[in-house]
Amino acid sequence: MTELDILNLQSGSIQSTGLYFVGLSFSIWVAMRVSSVVSQRAADNVVMKAIASIYGIGVVYYFNMTLSFYAYNMELTGHRLATLKASGGEVSAASMDFISNVGASTTPPTFSLVPSDPVAYPLLIAILAIILLPLWGPQDDA
């Protein structure tokens with residue numbers, strides 16, 4: 001496999017992950033909208049609250065998975081480039097910078113649902129709060 005092949009694989013992976021990200025971003029908006037509607041129109045309906053909560057938690061789970069796939073794709077590209085370099089293949093200076101930026105090695109990366117970016121934690125918590133608090137938090141009497 002050449003450097004160009006590796007970068008083409010990365011490009012395809014990023015495009016696929018980006019499409020999932022766009023779709024899940026829309027799904028997050030739908031979950032927030034469902035949460036708002038259920039809290040306004042069916043505040044006493046526990047079944048609807050549970051269904052809206054399950055949907056919201058599922059969407060946030062898959063959103064987190066998409067973020068994890070992006071990080072994994074970056075690590076896997078770095079691993080492939082590092083392996084190519086270790087096997088004596090030609091690797092450009094830009095790819096060497098990429099390897100050092102992602103901390104890649106010849107050891108294959110493992111996929112993890114735990115976000116590697118610390119900004120993902122407050123983002124995911126905020127999304128969950130925006131979805132779940134209107135459902136299960138105190139309701140306005142107005």
# chains A, B, ... in the order shown; residues from 1 in each chain; ligands from 1
$ select_by_dssp --residues "chain A" --states "helix (DSSP H, G or I)" --output "PyMOL selection string"
chain A and resi 3-41+46-86+93-102+120-136
$ closest_atom_pairs --of "region 38-121 of chain A" --to "region 131-138 of chain A" --cutoff "9 Å" --atoms "only C-alpha atoms" --output "Markdown table"
| residue | atom | partner | partner_atom | distance |
| --- | --- | --- | --- | --- |
| A:Val38 | CA | A:Leu135 | CA | 7.1 |
| A:Ser39 | CA | A:Leu135 | CA | 5.2 |
| A:Gln40 | CA | A:Pro134 | CA | 8.7 |
| A:Ala43 | CA | A:Leu135 | CA | 7.4 |
| A:Lys49 | CA | A:Leu135 | CA | 6.0 |
| A:Ala50 | CA | A:Leu135 | CA | 8.7 |
| A:Ala52 | CA | A:Leu135 | CA | 8.2 |
| A:Ser53 | CA | A:Leu132 | CA | 6.3 |
| A:Gly56 | CA | A:Ile131 | CA | 6.3 |
| A:Ile57 | CA | A:Ile131 | CA | 8.4 |
$ write_last_selection --atoms "N, CA and C atoms" --output "mmCIF file, in the first residue's frame"
data_model
loop_
_atom_site.group_PDB
_atom_site.id
_atom_site.type_symbol
_atom_site.label_atom_id
_atom_site.label_comp_id
_atom_site.auth_asym_id
_atom_site.auth_seq_id
_atom_site.Cartn_x
_atom_site.Cartn_y
_atom_site.Cartn_z
ATOM 1 N N VAL A 38 -43.052 16.880 23.884
ATOM 2 C CA VAL A 38 -43.592 15.967 24.902
ATOM 3 C C VAL A 38 -43.723 16.692 26.240
ATOM 4 N N SER A 39 -42.733 17.506 26.605
ATOM 5 C CA SER A 39 -42.816 18.199 27.893
ATOM 6 C C SER A 39 -43.935 19.231 27.913
ATOM 7 N N GLN A 40 -44.306 19.787 26.747
ATOM 8 C CA GLN A 40 -45.367 20.778 26.688
ATOM 9 C C GLN A 40 -46.751 20.152 26.553
ATOM 10 N N ALA A 43 -46.995 16.266 29.400
ATOM 11 C CA ALA A 43 -46.142 16.315 30.585
ATOM 12 C C ALA A 43 -46.469 15.233 31.605
ATOM 13 N N LYS A 49 -42.677 10.180 27.807
ATOM 14 C CA LYS A 49 -41.408 10.670 28.334
ATOM 15 C C LYS A 49 -40.322 9.600 28.203
ATOM 16 N N ALA A 50 -40.682 8.363 28.510
ATOM 17 C CA ALA A 50 -39.713 7.264 28.414
ATOM 18 C C ALA A 50 -39.282 7.040 26.964
ATOM 19 N N ALA A 52 -39.336 9.230 24.469
ATOM 20 C CA ALA A 52 -38.512 10.369 24.058
ATOM 21 C C ALA A 52 -37.120 10.285 24.677
ATOM 22 N N SER A 53 -37.033 9.828 25.907
ATOM 23 C CA SER A 53 -35.740 9.680 26.580
ATOM 24 C C SER A 53 -34.889 8.597 25.922
ATOM 25 N N GLY A 56 -33.602 9.935 22.655
ATOM 26 C CA GLY A 56 -32.543 10.917 22.876
ATOM 27 C C GLY A 56 -31.241 10.276 23.309
ATOM 28 N N ILE A 57 -31.316 9.327 24.222
ATOM 29 C CA ILE A 57 -30.103 8.641 24.680
ATOM 30 C C ILE A 57 -29.481 7.848 23.533
#
$ residues_around --residues "region 5-8 of chain A" --least-positions-apart "2" --cutoff "10 Å" --atoms "only C-alpha atoms" --output "list in words"
Met1, Thr2, Glu3, Gln10, Ser11, Gly12, Ser13, Ile14, Leu76, Thr77, Gly78, His79, Arg80, Leu81, Leu84 and Ser95 of chain A
$ write_last_selection --atoms "N, CA and C atoms" --output "CSV table (one decimal), in the first residue's frame"
chain,number,residue,atom,x,y,z
A,1,MET,N,0.9,-1.2,0.0
A,1,MET,CA,0.0,0.0,0.0
A,1,MET,C,0.9,1.2,0.0
A,2,THR,N,0.6,2.2,-0.8
A,2,THR,CA,1.4,3.4,-0.9
A,2,THR,C,0.8,4.5,0.0
A,3,GLU,N,1.5,5.6,0.1
A,3,GLU,CA,1.0,6.7,0.9
A,3,GLU,C,-0.3,7.3,0.3
A,10,GLN,N,-8.2,7.3,4.0
A,10,GLN,CA,-8.6,8.2,5.1
A,10,GLN,C,-9.7,9.2,4.5
A,11,SER,N,-9.5,9.7,3.3
A,11,SER,CA,-10.5,10.6,2.7
A,11,SER,C,-11.9,10.0,2.7
A,12,GLY,N,-11.9,8.7,2.2
A,12,GLY,CA,-13.2,8.0,2.2
A,12,GLY,C,-13.8,7.9,3.6
A,13,SER,N,-13.0,7.5,4.5
A,13,SER,CA,-13.5,7.4,5.9
A,13,SER,C,-14.0,8.7,6.5
A,14,ILE,N,-13.3,9.8,6.2
A,14,ILE,CA,-13.7,11.1,6.8
A,14,ILE,C,-15.0,11.5,6.1
A,76,LEU,N,-5.9,5.3,12.9
A,76,LEU,CA,-5.6,4.2,11.9
A,76,LEU,C,-4.8,4.7,10.7
A,77,THR,N,-5.1,5.9,10.3
A,77,THR,CA,-4.3,6.4,9.2
A,77,THR,C,-2.8,6.6,9.6
A,78,GLY,N,-2.7,7.2,10.8
A,78,GLY,CA,-1.3,7.4,11.4
A,78,GLY,C,-0.6,6.0,11.5
A,79,HIS,N,-1.3,5.0,12.0
A,79,HIS,CA,-0.7,3.7,12.1
A,79,HIS,C,-0.3,3.1,10.7
A,80,ARG,N,-1.1,3.3,9.7
A,80,ARG,CA,-0.8,2.8,8.4
A,80,ARG,C,0.4,3.5,7.9
A,81,LEU,N,0.5,4.8,8.0
A,81,LEU,CA,1.6,5.6,7.6
A,81,LEU,C,2.9,5.2,8.3
A,84,LEU,N,4.0,1.9,7.0
A,84,LEU,CA,4.6,2.0,5.7
A,84,LEU,C,6.1,2.6,5.9
A,95,SER,N,3.2,13.7,5.9
A,95,SER,CA,2.7,12.5,6.6
A,95,SER,C,3.5,12.2,7.8
$ residues_around --residues "Phe26 (chain A)" --least-positions-apart "4" --cutoff "12 Å" --atoms "only C-alpha atoms" --output "list in words"
Leu19, Tyr20, Phe21, Val22, Val30, Ala31, Met32, Arg33, Gly56, Val59, Val60 and Phe63 of chain A
$ closest_residue --among "A:Tyr55, A:Tyr72, A:Phe111, A:Ala42" --to "Trp29 (chain A)" --atoms "only C-alpha atoms"
A:Tyr55
